[in-house]
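**Student:** Here you go, work_12.txt (compact mmCIF, C-alpha atoms and all ligand atoms):
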# COMPACT_ATOMS: atom_id res chain seq x y z
CA MET A 1 12.48 -5.99 -9.95
CA ASN A 2 13.29 -5.90 -6.23
CA LEU A 3 10.20 -4.97 -4.28
CA ALA A 4 9.85 -3.65 -0.71
CA VAL A 5 6.58 -3.35 1.20
CA LEU A 6 5.95 -0.64 3.81
CA ALA A 7 3.11 -1.37 6.22
CA SER A 8 1.89 -0.30 9.66
CA GLY A 9 -0.80 -2.76 10.62
CA ARG A 10 -2.20 -6.23 10.26
CA GLY A 11 -0.62 -6.81 6.84
CA SER A 12 -3.40 -8.60 4.98
CA ASN A 13 -2.34 -6.85 1.76
CA PHE A 14 1.28 -7.77 2.41
CA ASP A 15 0.15 -11.38 2.80
CA ALA A 16 -1.87 -11.27 -0.42
CA ILE A 17 1.15 -9.87 -2.28
CA CYS A 18 3.39 -12.64 -0.89
CA GLU A 19 0.82 -15.29 -1.76
CA ASN A 20 0.43 -14.05 -5.33
CA PHE A 21 4.14 -13.61 -5.97
CA GLN A 22 5.28 -16.80 -4.25
CA THR A 23 7.16 -18.04 -7.28
CA SER A 24 7.76 -14.67 -8.90
CA GLU A 25 10.72 -12.30 -8.86
CA LEU A 26 8.21 -9.81 -7.43
CA PHE A 27 8.07 -11.67 -4.11
CA PRO A 28 8.95 -8.94 -1.55
CA LYS A 29 12.63 -8.72 -0.66
CA LEU A 30 11.92 -6.55 2.37
CA LEU A 31 9.24 -5.40 4.79
CA VAL A 32 9.55 -2.14 6.73
CA THR A 33 7.11 -1.05 9.40
CA ASP A 34 6.95 2.04 11.60
CA GLN A 35 5.07 0.11 14.33
CA ALA A 36 6.97 -2.16 16.73
CA ASN A 37 3.91 -4.32 17.41
CA ALA A 38 2.46 -4.47 13.92
CA LEU A 39 0.98 -7.86 13.05
CA VAL A 40 2.64 -7.57 9.67
CA LEU A 41 5.98 -8.33 11.37
CA GLU A 42 4.78 -11.83 12.26
CA LYS A 43 3.48 -12.30 8.75
CA ALA A 44 6.87 -11.31 7.30
CA GLN A 45 8.61 -13.76 9.61
CA LYS A 46 6.30 -16.58 8.53
CA ARG A 47 6.91 -15.74 4.88
CA GLY A 48 10.68 -15.50 5.37
CA VAL A 49 10.79 -11.84 4.34
CA PRO A 50 13.47 -9.73 6.09
CA ALA A 51 11.63 -7.23 8.29
CA TYR A 52 12.67 -3.96 9.90
CA HIS A 53 11.03 -1.75 12.46
CA LEU A 54 11.81 1.88 11.65
CA PRO A 55 10.05 4.53 13.78
CA PHE A 56 8.79 7.42 11.70
CA PRO A 57 8.11 10.34 14.09
CA THR A 58 6.43 13.30 12.37
CA GLN A 59 9.02 15.77 13.69
CA SER A 60 11.95 13.80 12.21
CA ARG A 61 10.49 12.31 9.09
CA GLU A 62 13.49 13.42 6.98
CA GLU A 63 15.97 11.46 9.11
CA ALA A 64 13.67 8.45 9.14
CA ALA A 65 13.46 8.61 5.36
CA GLU A 66 17.27 8.70 5.13
CA LYS A 67 17.46 5.58 7.27
CA LEU A 68 14.79 4.02 5.12
CA ASN A 69 16.83 4.79 2.00
CA GLU A 70 19.85 3.07 3.57
CA ILE A 71 17.84 -0.08 4.24
CA LEU A 72 16.31 0.02 0.75
CA GLN A 73 19.78 0.31 -0.76
CA ARG A 74 21.08 -2.59 1.29
CA TYR A 75 18.44 -4.79 -0.35
CA SER A 76 18.83 -3.22 -3.82
CA ILE A 77 15.17 -2.23 -3.76
CA GLU A 78 13.81 -0.79 -6.99
CA PHE A 79 10.12 -0.44 -6.23
CA ILE A 80 8.12 0.39 -3.08
CA VAL A 81 4.63 -0.84 -2.33
CA LEU A 82 2.69 0.86 0.47
CA ALA A 83 0.21 -1.50 2.08
CA GLY A 84 -1.43 0.31 4.96
CA PHE A 85 1.63 2.44 5.74
CA MET A 86 0.18 5.16 7.96
CA LYS A 87 2.93 7.78 7.70
CA VAL A 88 3.31 10.53 5.12
CA LEU A 89 6.65 10.17 3.31
CA PRO A 90 8.69 13.38 3.05
CA THR A 91 8.73 15.29 -0.25
CA ARG A 92 12.43 14.67 -0.94
CA PHE A 93 11.99 10.93 -0.57
CA VAL A 94 8.88 10.90 -2.77
CA ARG A 95 10.72 12.86 -5.47
CA GLN A 96 13.70 10.47 -5.33
CA TRP A 97 11.33 7.58 -5.86
CA LYS A 98 9.07 9.26 -8.42
CA ASN A 99 6.81 6.75 -10.20
CA ARG A 100 8.25 3.97 -8.03
CA ILE A 101 5.97 4.10 -5.00
CA MET A 102 2.48 2.69 -5.20
CA ASN A 103 -0.30 2.90 -2.63
CA ILE A 104 -3.70 1.33 -2.10
CA HIS A 105 -6.56 3.26 -0.51
CA PRO A 106 -9.94 1.89 0.58
CA SER A 107 -12.13 4.52 -1.09
CA LEU A 108 -12.90 5.95 -4.48
CA LEU A 109 -10.40 8.80 -4.41
CA PRO A 110 -10.58 11.77 -4.50
CA ARG A 111 -13.34 10.99 -2.00
CA TYR A 112 -12.15 10.28 1.55
CA PRO A 113 -8.37 10.67 1.46
CA GLY A 114 -6.59 10.05 4.78
CA THR A 115 -7.64 7.77 7.62
CA HIS A 116 -10.93 5.98 8.34
CA ALA A 117 -12.04 6.20 4.72
CA ILE A 118 -14.48 3.28 4.87
CA GLU A 119 -16.18 4.50 8.06
CA ARG A 120 -16.51 8.01 6.63
CA ALA A 121 -18.09 6.71 3.42
CA TRP A 122 -20.44 4.54 5.48
CA GLU A 123 -21.41 7.39 7.79
CA ALA A 124 -22.05 9.65 4.80
CA GLY A 125 -24.57 7.09 3.56
CA ASP A 126 -22.68 6.32 0.36
CA GLU A 127 -24.14 3.67 -1.89
CA ILE A 128 -21.00 2.99 -3.88
CA PHE A 129 -17.81 1.85 -2.21
CA GLY A 130 -14.49 0.97 -3.71
CA ILE A 131 -10.72 1.01 -3.80
CA THR A 132 -8.05 3.09 -5.49
CA ILE A 133 -4.52 2.11 -6.45
CA HIS A 134 -2.33 5.09 -7.22
CA LEU A 135 1.23 6.35 -7.46
CA VAL A 136 2.46 8.34 -4.49
CA ASP A 137 3.18 12.04 -4.85
CA GLU A 138 3.84 14.75 -2.25
CA GLY A 139 0.21 14.95 -1.13
CA VAL A 140 -1.94 12.66 0.99
CA ASP A 141 -3.57 10.11 -1.33
CA THR A 142 -3.37 12.53 -4.26
CA GLY A 143 -1.03 10.80 -6.73
CA PRO A 144 -1.99 9.65 -10.24
CA VAL A 145 -4.71 7.01 -10.16
CA LEU A 146 -3.78 3.73 -11.85
CA PHE A 147 -6.86 1.70 -11.03
CA GLN A 148 -10.22 1.84 -9.27
CA ASN A 149 -12.79 -0.82 -8.57
CA MET A 150 -16.19 -0.48 -6.95
CA PHE A 151 -19.38 -2.16 -5.84
CA HIS A 152 -22.86 -1.10 -4.78
CA ARG A 153 -23.96 -1.40 -1.16
CA LEU A 154 -26.62 -4.09 -0.74
CA LYS A 155 -29.67 -3.73 1.50
CA ASN A 156 -28.36 -5.94 4.27
CA ASP A 157 -24.76 -4.74 4.19
CA THR A 158 -23.22 -3.54 7.44
CA LEU A 159 -20.05 -1.54 7.97
CA GLU A 160 -18.30 -4.85 8.73
CA SER A 161 -19.52 -6.56 5.56
CA ILE A 162 -18.49 -3.53 3.48
CA GLU A 163 -15.03 -3.60 5.07
CA GLU A 164 -14.74 -7.27 4.29
CA LYS A 165 -15.72 -6.75 0.64
CA ILE A 166 -13.25 -3.90 0.29
CA HIS A 167 -10.40 -5.94 1.72
CA ARG A 168 -11.24 -8.90 -0.50
CA MET A 169 -11.18 -6.58 -3.49
CA GLU A 170 -7.84 -5.12 -2.40
CA HIS A 171 -6.25 -8.54 -2.00
CA ARG A 172 -7.44 -9.59 -5.43
CA ASP A 173 -6.58 -6.41 -7.32
CA TYR A 174 -3.40 -5.06 -5.70
CA PRO A 175 -0.97 -7.82 -6.77
CA ARG A 176 -2.38 -7.76 -10.30
CA ILE A 177 -1.98 -3.99 -10.66
CA ILE A 178 1.53 -4.04 -9.14
CA LYS A 179 2.51 -6.63 -11.73
CA ASN A 180 0.90 -4.71 -14.63
CA TYR A 181 2.46 -1.43 -13.60
CA ILE A 182 5.94 -2.93 -13.25
CA GLN A 183 5.59 -4.37 -16.74
CA THR A 184 4.80 -0.90 -18.08
CA LEU A 185 7.80 0.56 -16.17
CA ARG A 186 10.05 -1.94 -17.88
CA ARG A 187 8.79 -0.85 -21.27
CA SER A 188 9.30 2.85 -20.47
CA PRO A 189 12.40 4.52 -21.97
CA SER A 190 13.89 5.91 -18.72
C1 LIG B 1 -6.03 -1.30 3.60
O1 LIG B 1 -7.43 -1.14 3.68
C2 LIG B 1 -5.44 -0.28 2.68
O2 LIG B 1 -6.29 0.12 1.66
C3 LIG B 1 -5.18 0.90 3.59
O3 LIG B 1 -4.80 0.33 4.82
C4 LIG B 1 -5.39 -0.98 4.94
C5 LIG B 1 -4.27 -1.91 5.27
O4 LIG B 1 -4.74 -3.17 5.65
N1 LIG B 1 -4.20 1.79 3.04
P1 LIG B 1 -3.74 -4.37 5.86
O5 LIG B 1 -2.72 -3.94 6.90
O6 LIG B 1 -3.09 -4.66 4.54
O7 LIG B 1 -4.57 -5.52 6.34
So that I can check it, write out the structure of this file as structure tokens.
Ligand code: GRF

**Tutor:**
Amino acid sequence: MNLAVLASGRGSNFDAICENFQTSELFPKLLVTDQANALVLEKAQKRGVPAYHLPFPTQSREEAAEKLNEILQRYSIEFIVLAGFMKVLPTRFVRQWKNRIMNIHPSLLPRYPGTHAIERAWEAGDEIFGITIHLVDEGVDTGPVLFQNMFHRLKNDTLESIEEKIHRMEHRDYPRIIKNYIQTLRRSPS
């Protein structure tokens, strides 16, 4: 299964995926970012993953998605993993790739969809934090949930320590769930 990762930022999940799939056919064949200065570009270079910068302006998302499809085709991509990709993919694209785009979100969805999820949970005084791995549909962080994991806040936790725990959890769980899900896709009739 040829996998592409879309990311906008520092790329710690991209790195965890590469690390876990080092000797697997699931090692990413491609990295696409919408941010010219994203740290993930350096990470892709170090890992030897072909990387593209593709701007994704809100007013021309459709054209950007067409370009993205061209790049994905060039690399015979069959599955897309979002790892901190901060743009909403257009409906047409999402429908074309139905059940073949996965996302990770640093909250227990449906709580705190969108940006700054961890900070919002912290500011709300939440006692339980967690992550969600889900398929992407036309909404923002609304697709079918495949997996959630959580932990209780401890007395001496800070926002920083919570963030660290969440990221550690993401890095451990995301590759595993990607692998499991792709196995189930293979067994599906279509
Ligand atoms: C992660 O917390 C992920 O859940 C969210 O964006 C963040 C990306 O972090 N969607 P990184 O770029 O993988 O380090």

**Student:** Report as a list of chain:residue names all protein, DNA and RNA residues lying within 9 Å of A:Ile101, evaluated on only C-alpha atoms, omitting residues in the same chain fewer than 5 positions from it.

**Tutor:**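 Returned residues: A:Phe79, A:Ile80, A:Val81, A:Leu82, A:Val94, A:His134, A:Leu135, A:Val136, A:Asp137.
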
**Student:** Residues within 8 Å of ligand LIG 1 (chain B) (only C-alpha atoms and all ligand atoms), as a ChimeraX atom specification?

**Tutor:** /A:7-15,40,82-86,103-107,131-132,166-167,170

**Student:** Select, from A:Lys29, A:Arg153, A:Arg187, A:Arg120, the residue with the minimum atom-to-atom distance to A:Gln73, counting all atoms listed in the file.

**Tutor:**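 The answer is A:Lys29, which sits nearest to A:Gln73.
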
**Student:** Fewer than 2 positions away in the same chain doesn't count, so skip those; otherwise give me all residues within 8 Å of A:Val32, counting all atoms listed in the file, as a PyMOL selection string.

**Tutor:** chain A and resi 4-7+30+34+51-54

**Student:** Out of A:Asn156, A:Lys43, A:Glu123, A:Leu3, which residue has the shortest atom-to-atom distance to A:Ala16 when counting all atoms listed in the file?

**Tutor:**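 Of A:Asn156, A:Lys43, A:Glu123, A:Leu3, the one nearest A:Ala16 is A:Lys43, counting all atoms listed in the file.
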
**Student:** For atom CA of A:Leu89 and atom CA of A:Leu72, determine how far apart the two atoms are, in Å to one decimal place.

**Tutor:** 14.2 Å

**Student:** Tell me, in Å to one decimal, how far atom CA of A:Leu185 is from atom CA of A:Val49.

**Tutor:**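 Taking atom CA of A:Leu185 and atom CA of A:Val49, their separation equals 24.2 Å.
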
**Student:** Go through A:Gln96, A:Thr184, A:Thr158, A:Thr33 one by one, measure the shortest atom-to-atom distance of each to A:Glu66 using all atoms listed in the file, and give the residue with the smallest value.

**Tutor:**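 Of A:Gln96, A:Thr184, A:Thr158, A:Thr33, the one nearest A:Glu66 is A:Gln96, counting all atoms listed in the file.
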
**Student:** For each of A:Ala121, A:Leu109, A:Ile177, A:Ile162, take the minimum atom-to-atom distance to A:Val140, counting all atoms listed in the file, then give the residue where this is smallest.

**Tutor:** A:Leu109

**Student:** One decimal, in Å: what's the spacing between atom CA of A:Arg92 and atom CA of A:Gln35?

**Tutor:**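 Calculated distance between atom CA of A:Arg92 and atom CA of A:Gln35 is 22.3 Å.
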
**Student:** May I have the residues within 9 Å of A:Thr58 as a ChimeraX atom specification, using only C-alpha atoms and disregarding those fewer than 4 positions away in the same chain?

**Tutor:** /A:62,87-88

**Student:** Counting all atoms listed in the file, which of A:Ile128, A:Ala36, A:Ile182, A:Ile17 gets nearest to A:Asn99?

**Tutor:**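 The shortest atom-to-atom distance to A:Asn99 comes from A:Ile182.
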
**Student:** Pick out the closest residue to A:Ala64 from this set: A:Thr142, A:Phe93, A:His152, A:Ser76. Count only C-alpha atoms.

**Tutor:**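 That would be A:Phe93, the residue with the smallest distance to A:Ala64.
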
**Student:** Which centre and edge lengths in Å to one decimal define the box along x, y and z that fits every listed atom of stretch 160-179 of chain A plus 4 Å per side, as AutoDock Vina command-line options?

**Tutor:**
--center_x -8.5 --center_y -6.6 --center_z -1.5 --size_x 30.0 --size_y 14.1 --size_z 28.5
